[in-house]
file target-v1.pdb (PDB, C-alpha atoms)
MODEL        1
ATOM      1  CA  MET U   7      59.113 -28.139 -28.496  1.00  0.00           C
ATOM      2  CA  ALA U   8      62.251 -26.299 -27.449  1.00  0.00           C
ATOM      3  CA  LYS U   9      61.806 -22.732 -26.277  1.00  0.00           C
ATOM      4  CA  ARG U  10      64.123 -19.871 -25.405  1.00  0.00           C
ATOM      5  CA  ALA U  11      63.479 -18.125 -22.103  1.00  0.00           C
ATOM      6  CA  LYS U  12      64.724 -14.695 -21.041  1.00  0.00           C
ATOM      7  CA  VAL U  13      64.510 -13.530 -17.454  1.00  0.00           C
ATOM      8  CA  HIS U  14      65.215  -9.913 -16.504  1.00  0.00           C
ATOM      9  CA  VAL U  15      65.959  -9.328 -12.823  1.00  0.00           C
ATOM     10  CA  PHE U  16      66.099  -5.830 -11.361  1.00  0.00           C
ATOM     11  CA  LEU U  17      66.299  -4.406  -7.882  1.00  0.00           C
ATOM     12  CA  LYS U  18      62.914  -3.065  -6.820  1.00  0.00           C
ATOM     13  CA  PRO U  19      62.444   0.709  -6.929  1.00  0.00           C
ATOM     14  CA  GLY U  20      63.494   2.133  -3.579  1.00  0.00           C
ATOM     15  CA  VAL U  21      66.232  -0.444  -3.027  1.00  0.00           C
ATOM     16  CA  LEU U  22      69.629   1.250  -3.288  1.00  0.00           C
ATOM     17  CA  ASP U  23      71.395   0.066  -6.439  1.00  0.00           C
ATOM     18  CA  VAL U  24      75.045   0.370  -5.469  1.00  0.00           C
ATOM     19  CA  GLU U  25      76.353  -0.921  -8.798  1.00  0.00           C
ATOM     20  CA  GLY U  26      74.110   1.525 -10.635  1.00  0.00           C
ATOM     21  CA  LYS U  27      75.410   4.405  -8.527  1.00  0.00           C
ATOM     22  CA  ALA U  28      78.987   3.339  -9.299  1.00  0.00           C
ATOM     23  CA  VAL U  29      78.298   3.221 -13.041  1.00  0.00           C
ATOM     24  CA  GLU U  30      76.564   6.625 -12.850  1.00  0.00           C
ATOM     25  CA  GLY U  31      79.560   8.125 -11.052  1.00  0.00           C
ATOM     26  CA  ALA U  32      81.953   6.668 -13.602  1.00  0.00           C
ATOM     27  CA  LEU U  33      79.901   7.963 -16.558  1.00  0.00           C
ATOM     28  CA  HIS U  34      79.746  11.429 -14.973  1.00  0.00           C
ATOM     29  CA  GLY U  35      83.491  11.297 -14.461  1.00  0.00           C
ATOM     30  CA  LEU U  36      83.978  10.480 -18.142  1.00  0.00           C
ATOM     31  CA  GLY U  37      81.997  13.571 -19.146  1.00  0.00           C
ATOM     32  CA  TRP U  38      78.487  12.147 -19.637  1.00  0.00           C
ATOM     33  CA  LYS U  39      76.848  14.481 -17.121  1.00  0.00           C
ATOM     34  CA  ASP U  40      73.357  14.003 -18.567  1.00  0.00           C
ATOM     35  CA  VAL U  41      73.082  10.390 -17.370  1.00  0.00           C
ATOM     36  CA  ALA U  42      70.688   9.789 -14.454  1.00  0.00           C
ATOM     37  CA  ASN U  43      68.814   7.033 -12.629  1.00  0.00           C
ATOM     38  CA  VAL U  44      71.185   4.225 -13.596  1.00  0.00           C
ATOM     39  CA  ARG U  45      69.918   0.760 -12.624  1.00  0.00           C
ATOM     40  CA  VAL U  46      71.940  -2.387 -13.205  1.00  0.00           C
ATOM     41  CA  GLY U  47      70.123  -5.684 -13.560  1.00  0.00           C
ATOM     42  CA  LYS U  48      70.760  -9.248 -14.581  1.00  0.00           C
ATOM     43  CA  THR U  49      69.518 -11.101 -17.624  1.00  0.00           C
ATOM     44  CA  ILE U  50      69.405 -14.888 -17.659  1.00  0.00           C
ATOM     45  CA  GLU U  51      68.791 -16.625 -20.982  1.00  0.00           C
ATOM     46  CA  PHE U  52      68.374 -20.352 -21.509  1.00  0.00           C
ATOM     47  CA  ASP U  53      66.840 -23.072 -23.659  1.00  0.00           C
ATOM     48  CA  LEU U  54      64.025 -25.234 -22.403  1.00  0.00           C
ATOM     49  CA  THR U  55      63.988 -28.529 -24.296  1.00  0.00           C
ATOM     50  CA  ASP U  56      60.580 -29.386 -22.886  1.00  0.00           C
ATOM     51  CA  GLY U  57      58.494 -26.323 -23.654  1.00  0.00           C
ATOM     52  CA  ALA U  58      55.274 -27.494 -21.968  1.00  0.00           C
ATOM     53  CA  ASP U  59      53.851 -24.767 -19.745  1.00  0.00           C
ATOM     54  CA  ALA U  60      57.179 -22.990 -20.097  1.00  0.00           C
ATOM     55  CA  GLU U  61      56.202 -19.570 -18.753  1.00  0.00           C
ATOM     56  CA  ALA U  62      54.806 -20.974 -15.493  1.00  0.00           C
ATOM     57  CA  GLU U  63      57.904 -23.150 -15.048  1.00  0.00           C
ATOM     58  CA  VAL U  64      60.243 -20.209 -15.610  1.00  0.00           C
ATOM     59  CA  LYS U  65      58.306 -18.144 -13.069  1.00  0.00           C
ATOM     60  CA  LYS U  66      58.757 -20.972 -10.566  1.00  0.00           C
ATOM     61  CA  MET U  67      62.508 -20.926 -11.292  1.00  0.00           C
ATOM     62  CA  CYS U  68      62.559 -17.183 -10.597  1.00  0.00           C
ATOM     63  CA  GLU U  69      60.757 -17.552  -7.278  1.00  0.00           C
ATOM     64  CA  THR U  70      63.014 -20.436  -6.233  1.00  0.00           C
ATOM     65  CA  LEU U  71      66.442 -19.432  -7.492  1.00  0.00           C
ATOM     66  CA  LEU U  72      66.862 -16.708 -10.073  1.00  0.00           C
ATOM     67  CA  ALA U  73      65.493 -13.696  -8.201  1.00  0.00           C
ATOM     68  CA  ASN U  74      65.553 -12.647  -4.582  1.00  0.00           C
ATOM     69  CA  THR U  75      61.939 -11.532  -4.473  1.00  0.00           C
ATOM     70  CA  VAL U  76      62.427  -9.615  -1.229  1.00  0.00           C
ATOM     71  CA  ILE U  77      64.453  -6.964  -3.014  1.00  0.00           C
ATOM     72  CA  GLU U  78      64.250  -7.898  -6.698  1.00  0.00           C
ATOM     73  CA  SER U  79      61.503  -7.972  -9.289  1.00  0.00           C
ATOM     74  CA  TYR U  80      61.627 -10.030 -12.468  1.00  0.00           C
ATOM     75  CA  ARG U  81      60.125 -10.176 -15.910  1.00  0.00           C
ATOM     76  CA  VAL U  82      59.847 -13.362 -17.967  1.00  0.00           C
ATOM     77  CA  GLU U  83      59.846 -13.671 -21.767  1.00  0.00           C
ATOM     78  CA  VAL U  84      59.390 -17.057 -23.422  1.00  0.00           C
ATOM     79  CA  ALA U  85      59.682 -17.397 -27.200  1.00  0.00           C
TER      80      ALA U  85
ATOM     81  CA  MET D  30      64.272  15.605 -24.830  1.00  0.00           C
ATOM     82  CA  ALA D  31      64.884  12.995 -22.155  1.00  0.00           C
ATOM     83  CA  LYS D  32      65.341   9.434 -23.316  1.00  0.00           C
ATOM     84  CA  ARG D  33      65.580   6.059 -21.629  1.00  0.00           C
ATOM     85  CA  ALA D  34      68.495   3.849 -22.678  1.00  0.00           C
ATOM     86  CA  LYS D  35      68.826   0.113 -22.155  1.00  0.00           C
ATOM     87  CA  VAL D  36      72.120  -1.669 -22.666  1.00  0.00           C
ATOM     88  CA  HIS D  37      72.324  -5.469 -22.724  1.00  0.00           C
ATOM     89  CA  VAL D  38      75.802  -6.901 -22.183  1.00  0.00           C
ATOM     90  CA  PHE D  39      76.527 -10.586 -22.767  1.00  0.00           C
ATOM     91  CA  LEU D  40      79.663 -12.685 -22.930  1.00  0.00           C
ATOM     92  CA  LYS D  41      80.504 -13.515 -26.543  1.00  0.00           C
ATOM     93  CA  PRO D  42      79.650 -17.015 -27.745  1.00  0.00           C
ATOM     94  CA  GLY D  43      82.639 -19.268 -27.052  1.00  0.00           C
ATOM     95  CA  VAL D  44      83.631 -17.425 -23.895  1.00  0.00           C
ATOM     96  CA  LEU D  45      82.999 -19.665 -20.877  1.00  0.00           C
ATOM     97  CA  ASP D  46      80.103 -18.258 -18.856  1.00  0.00           C
ATOM     98  CA  VAL D  47      80.928 -19.481 -15.355  1.00  0.00           C
ATOM     99  CA  GLU D  48      77.895 -17.830 -13.755  1.00  0.00           C
ATOM    100  CA  GLY D  49      75.650 -19.374 -16.402  1.00  0.00           C
ATOM    101  CA  LYS D  50      77.121 -22.811 -15.725  1.00  0.00           C
ATOM    102  CA  ALA D  51      76.505 -22.362 -11.997  1.00  0.00           C
ATOM    103  CA  VAL D  52      72.875 -21.364 -12.570  1.00  0.00           C
ATOM    104  CA  GLU D  53      72.418 -24.321 -14.941  1.00  0.00           C
ATOM    105  CA  GLY D  54      73.813 -26.730 -12.349  1.00  0.00           C
ATOM    106  CA  ALA D  55      71.570 -25.299  -9.650  1.00  0.00           C
ATOM    107  CA  LEU D  56      68.459 -25.549 -11.848  1.00  0.00           C
ATOM    108  CA  HIS D  57      69.326 -29.159 -12.731  1.00  0.00           C
ATOM    109  CA  GLY D  58      69.786 -29.898  -9.037  1.00  0.00           C
ATOM    110  CA  LEU D  59      66.335 -28.457  -8.324  1.00  0.00           C
ATOM    111  CA  GLY D  60      64.783 -30.831 -10.849  1.00  0.00           C
ATOM    112  CA  TRP D  61      64.642 -28.671 -13.990  1.00  0.00           C
ATOM    113  CA  LYS D  62      66.681 -31.081 -16.126  1.00  0.00           C
ATOM    114  CA  ASP D  63      65.429 -29.643 -19.422  1.00  0.00           C
ATOM    115  CA  VAL D  64      67.316 -26.359 -19.003  1.00  0.00           C
ATOM    116  CA  ALA D  65      70.328 -25.887 -21.290  1.00  0.00           C
ATOM    117  CA  ASN D  66      72.695 -23.217 -22.623  1.00  0.00           C
ATOM    118  CA  VAL D  67      72.265 -20.806 -19.722  1.00  0.00           C
ATOM    119  CA  ARG D  68      73.924 -17.423 -20.290  1.00  0.00           C
ATOM    120  CA  VAL D  69      73.935 -14.682 -17.686  1.00  0.00           C
ATOM    121  CA  GLY D  70      74.267 -11.090 -18.803  1.00  0.00           C
ATOM    122  CA  LYS D  71      73.968  -7.589 -17.462  1.00  0.00           C
ATOM    123  CA  THR D  72      71.373  -4.961 -18.248  1.00  0.00           C
ATOM    124  CA  ILE D  73      72.101  -1.302 -17.603  1.00  0.00           C
ATOM    125  CA  GLU D  74      69.191   1.147 -17.799  1.00  0.00           C
ATOM    126  CA  PHE D  75      69.438   4.904 -17.469  1.00  0.00           C
ATOM    127  CA  ASP D  76      67.891   8.222 -18.380  1.00  0.00           C
ATOM    128  CA  LEU D  77      69.595  10.620 -20.743  1.00  0.00           C
ATOM    129  CA  THR D  78      68.395  14.161 -20.069  1.00  0.00           C
ATOM    130  CA  ASP D  79      70.001  15.385 -23.289  1.00  0.00           C
ATOM    131  CA  GLY D  80      68.683  13.005 -25.917  1.00  0.00           C
ATOM    132  CA  ALA D  81      70.601  14.450 -28.869  1.00  0.00           C
ATOM    133  CA  ASP D  82      72.277  11.670 -30.859  1.00  0.00           C
ATOM    134  CA  ALA D  83      71.521   9.363 -27.941  1.00  0.00           C
ATOM    135  CA  GLU D  84      72.198   6.019 -29.611  1.00  0.00           C
ATOM    136  CA  ALA D  85      75.687   6.990 -30.763  1.00  0.00           C
ATOM    137  CA  GLU D  86      76.493   8.389 -27.310  1.00  0.00           C
ATOM    138  CA  VAL D  87      75.322   5.201 -25.578  1.00  0.00           C
ATOM    139  CA  LYS D  88      77.449   3.104 -27.948  1.00  0.00           C
ATOM    140  CA  LYS D  89      80.450   5.233 -27.000  1.00  0.00           C
ATOM    141  CA  MET D  90      79.661   4.608 -23.304  1.00  0.00           C
ATOM    142  CA  CYS D  91      79.605   0.870 -24.000  1.00  0.00           C
ATOM    143  CA  GLU D  92      82.947   0.918 -25.771  1.00  0.00           C
ATOM    144  CA  THR D  93      84.501   3.039 -23.015  1.00  0.00           C
ATOM    145  CA  LEU D  94      83.013   1.656 -19.822  1.00  0.00           C
ATOM    146  CA  LEU D  95      79.942  -0.545 -19.894  1.00  0.00           C
ATOM    147  CA  ALA D  96      81.210  -3.531 -21.881  1.00  0.00           C
ATOM    148  CA  ASN D  97      84.549  -5.267 -22.111  1.00  0.00           C
ATOM    149  CA  THR D  98      84.509  -5.636 -25.883  1.00  0.00           C
ATOM    150  CA  VAL D  99      87.298  -8.220 -25.844  1.00  0.00           C
ATOM    151  CA  ILE D 100      84.967 -10.821 -24.347  1.00  0.00           C
ATOM    152  CA  GLU D 101      81.556  -9.157 -24.283  1.00  0.00           C
ATOM    153  CA  SER D 102      79.069  -8.028 -26.892  1.00  0.00           C
ATOM    154  CA  TYR D 103      76.377  -5.441 -26.294  1.00  0.00           C
ATOM    155  CA  ARG D 104      73.047  -4.323 -27.672  1.00  0.00           C
ATOM    156  CA  VAL D 105      71.671  -0.806 -27.262  1.00  0.00           C
ATOM    157  CA  GLU D 106      68.013   0.240 -27.132  1.00  0.00           C
ATOM    158  CA  VAL D 107      67.059   3.903 -26.869  1.00  0.00           C
ATOM    159  CA  ALA D 108      63.419   4.886 -26.440  1.00  0.00           C
TER     160      ALA D 108
ENDMDL
END

call {"tool": "encode", "arguments": {"input": "target-v1.pdb", "output": "structure tokens"}}
result
Amino acid sequence: MAKRAKVHVFLKPGVLDVEGKAVEGALHGLGWKDVANVRVGKTIEFDLTDGADAEAEVKKMCETLLANTVIESYRVEVA
Amino acid sequence: MAKRAKVHVFLKPGVLDVEGKAVEGALHGLGWKDVANVRVGKTIEFDLTDGADAEAEVKKMCETLLANTVIESYRVEVA
């Protein structure tokens, strides 16, 4: 059965998020001074035509390719 | 009241997702042949210290800065 997987990848807390800082600075510059703690992450969505044991497979993909587990954490949703 | 906003930004359907294609090719090369329709998007999370009318404000941020609405669509969650 085909399944849709969503993977959310974020930098771990404590790792400097340069892109997030840039977005925060830009939002402040545009007048949104109440914005804080901006973190920018990646979302990867895809179909799995063979849905057998999908969540474990997607986690393997994350460990191998999708996330750099030294500095990034990930969350997997399979539906 | 402080609120946490999440913005998901994706390329619109029909717009070539080069990063998604690259990820798809890499996953196929690693043996996951059943992966299809990979789309890579961005997630921006931040705190709003002034939560008044937060959802409308975040939508304005998307239109102004966070998304390129010519080629990207976005989804806002405020909690």

call {"tool": "resolve_selection", "arguments": {"input": "target-v1.pdb", "expression": "the PyMOL selection byres ((chain U) within 7 of (chain D))", "output": "PDB file with C-alpha atoms, in the frame of the given file"}}
result
ATOM      1  CA  ASP U  40      73.357  14.003 -18.567  1.00  0.00           C
ATOM      2  CA  VAL U  41      73.082  10.390 -17.370  1.00  0.00           C
ATOM      3  CA  ALA U  42      70.688   9.789 -14.454  1.00  0.00           C
ATOM      4  CA  ASN U  43      68.814   7.033 -12.629  1.00  0.00           C
ATOM      5  CA  VAL U  44      71.185   4.225 -13.596  1.00  0.00           C
ATOM      6  CA  ARG U  45      69.918   0.760 -12.624  1.00  0.00           C
ATOM      7  CA  VAL U  46      71.940  -2.387 -13.205  1.00  0.00           C
ATOM      8  CA  GLY U  47      70.123  -5.684 -13.560  1.00  0.00           C
ATOM      9  CA  LYS U  48      70.760  -9.248 -14.581  1.00  0.00           C
ATOM     10  CA  THR U  49      69.518 -11.101 -17.624  1.00  0.00           C
ATOM     11  CA  ILE U  50      69.405 -14.888 -17.659  1.00  0.00           C
ATOM     12  CA  GLU U  51      68.791 -16.625 -20.982  1.00  0.00           C
ATOM     13  CA  PHE U  52      68.374 -20.352 -21.509  1.00  0.00           C
ATOM     14  CA  ASP U  53      66.840 -23.072 -23.659  1.00  0.00           C
ATOM     15  CA  LEU U  54      64.025 -25.234 -22.403  1.00  0.00           C
ATOM     16  CA  THR U  55      63.988 -28.529 -24.296  1.00  0.00           C
ATOM     17  CA  ASP U  56      60.580 -29.386 -22.886  1.00  0.00           C
TER      18      ASP U  56
END

call {"tool": "atom_distance", "arguments": {"input": "target-v1.pdb", "atom1": "CA of Val44 in chain D", "atom2": "CA of Ile100 in chain D"}}
result
6.8 Å

call {"tool": "resolve_selection", "arguments": {"input": "target-v1.pdb", "expression": "the PyMOL selection byres ((chain D and resi 102) around 8)", "output": "list of chain:residue names"}}
result
D:Val38, D:Phe39, D:Leu40, D:Lys41, D:Ala96, D:Asn97, D:Thr98, D:Ile100, D:Glu101, D:Tyr103, D:Arg104

call {"tool": "atom_distance", "arguments": {"input": "target-v1.pdb", "atom1": "CA of Glu83 in chain U", "atom2": "CA of Val47 in chain D"}}
result
22.8 Å

call {"tool": "atom_distance", "arguments": {"input": "target-v1.pdb", "atom1": "CA of Cys91 in chain D", "atom2": "CA of Val84 in chain U"}}
result
27.0 Å

call {"tool": "decode", "arguments": {"input": "target-v1.pdb", "residues": "chain U", "atoms": "C-alpha atoms", "output": "tab-separated table (two decimals), in the first residue's frame"}}
result
chain	number	residue	atom	x	y	z
U	7	MET	CA	0.00	0.00	0.00
U	8	ALA	CA	1.34	3.42	-0.92
U	9	LYS	CA	2.11	5.76	1.95
U	10	ARG	CA	3.06	9.40	2.28
U	11	ALA	CA	6.06	10.18	4.46
U	12	LYS	CA	6.99	13.53	5.99
U	13	VAL	CA	10.39	14.14	7.52
U	14	HIS	CA	11.11	17.29	9.54
U	15	VAL	CA	14.79	18.09	10.01
U	16	PHE	CA	15.95	20.76	12.45
U	17	LEU	CA	19.27	21.84	13.83
U	18	LYS	CA	19.70	20.57	17.38
U	19	PRO	CA	19.19	23.08	20.19
U	20	GLY	CA	22.52	24.73	20.92
U	21	VAL	CA	23.70	24.60	17.31
U	22	LEU	CA	23.80	28.13	15.89
U	23	ASP	CA	21.06	28.51	13.28
U	24	VAL	CA	22.54	31.13	10.96
U	25	GLU	CA	19.57	31.14	8.58
U	26	GLY	CA	17.21	31.54	11.53
U	27	LYS	CA	19.22	34.49	12.82
U	28	ALA	CA	19.09	36.09	9.36
U	29	VAL	CA	15.31	35.67	9.16
U	30	GLU	CA	14.94	37.06	12.70
U	31	GLY	CA	17.03	40.11	11.79
U	32	ALA	CA	15.00	40.69	8.64
U	33	LEU	CA	11.67	40.39	10.50
U	34	HIS	CA	12.90	42.83	13.16
U	35	GLY	CA	13.98	45.20	10.41
U	36	LEU	CA	10.50	45.03	8.89
U	37	GLY	CA	8.94	46.07	12.20
U	38	TRP	CA	8.06	42.69	13.76
U	39	LYS	CA	10.08	43.27	16.92
U	40	ASP	CA	8.18	40.65	18.93
U	41	VAL	CA	9.63	37.72	16.96
U	42	ALA	CA	12.20	35.59	18.82
U	43	ASN	CA	13.96	32.23	18.69
U	44	VAL	CA	13.61	31.73	14.94
U	45	ARG	CA	14.69	28.26	13.76
U	46	VAL	CA	14.70	27.26	10.11
U	47	GLY	CA	14.37	23.60	9.22
U	48	LYS	CA	13.77	21.39	6.23
U	49	THR	CA	10.75	19.28	5.41
U	50	ILE	CA	11.04	16.38	3.00
U	51	GLU	CA	7.83	14.78	1.74
U	52	PHE	CA	7.58	11.73	-0.49
U	53	ASP	CA	5.47	8.75	-1.52
U	54	LEU	CA	6.48	5.23	-0.66
U	55	THR	CA	4.90	2.80	-3.12
U	56	ASP	CA	5.86	-0.15	-0.94
U	57	GLY	CA	4.52	0.79	2.47
U	58	ALA	CA	5.80	-2.28	4.36
U	59	ASP	CA	7.53	-1.25	7.57
U	60	ALA	CA	7.53	2.30	6.23
U	61	GLU	CA	8.40	4.16	9.43
U	62	ALA	CA	11.53	2.08	10.09
U	63	GLU	CA	12.62	2.49	6.46
U	64	VAL	CA	12.16	6.26	6.58
U	65	LYS	CA	14.19	6.44	9.79
U	66	LYS	CA	16.97	4.53	8.03
U	67	MET	CA	16.81	7.08	5.18
U	68	CYS	CA	17.17	9.89	7.72
U	69	GLU	CA	20.21	8.31	9.37
U	70	THR	CA	21.83	7.61	5.99
U	71	LEU	CA	21.01	10.67	3.92
U	72	LEU	CA	18.29	13.08	4.96
U	73	ALA	CA	19.66	14.36	8.27
U	74	ASN	CA	23.14	15.07	9.53
U	75	THR	CA	22.61	13.51	12.93
U	76	VAL	CA	25.71	15.16	14.39
U	77	ILE	CA	24.02	18.54	14.34
U	78	GLU	CA	20.44	17.83	13.24
U	79	SER	CA	17.49	16.04	14.77
U	80	TYR	CA	14.56	14.69	12.79
U	81	ARG	CA	10.96	13.70	13.21
U	82	VAL	CA	9.17	11.20	10.97
U	83	GLU	CA	5.46	11.09	10.12
U	84	VAL	CA	4.06	8.31	7.94
U	85	ALA	CA	0.41	8.37	6.86
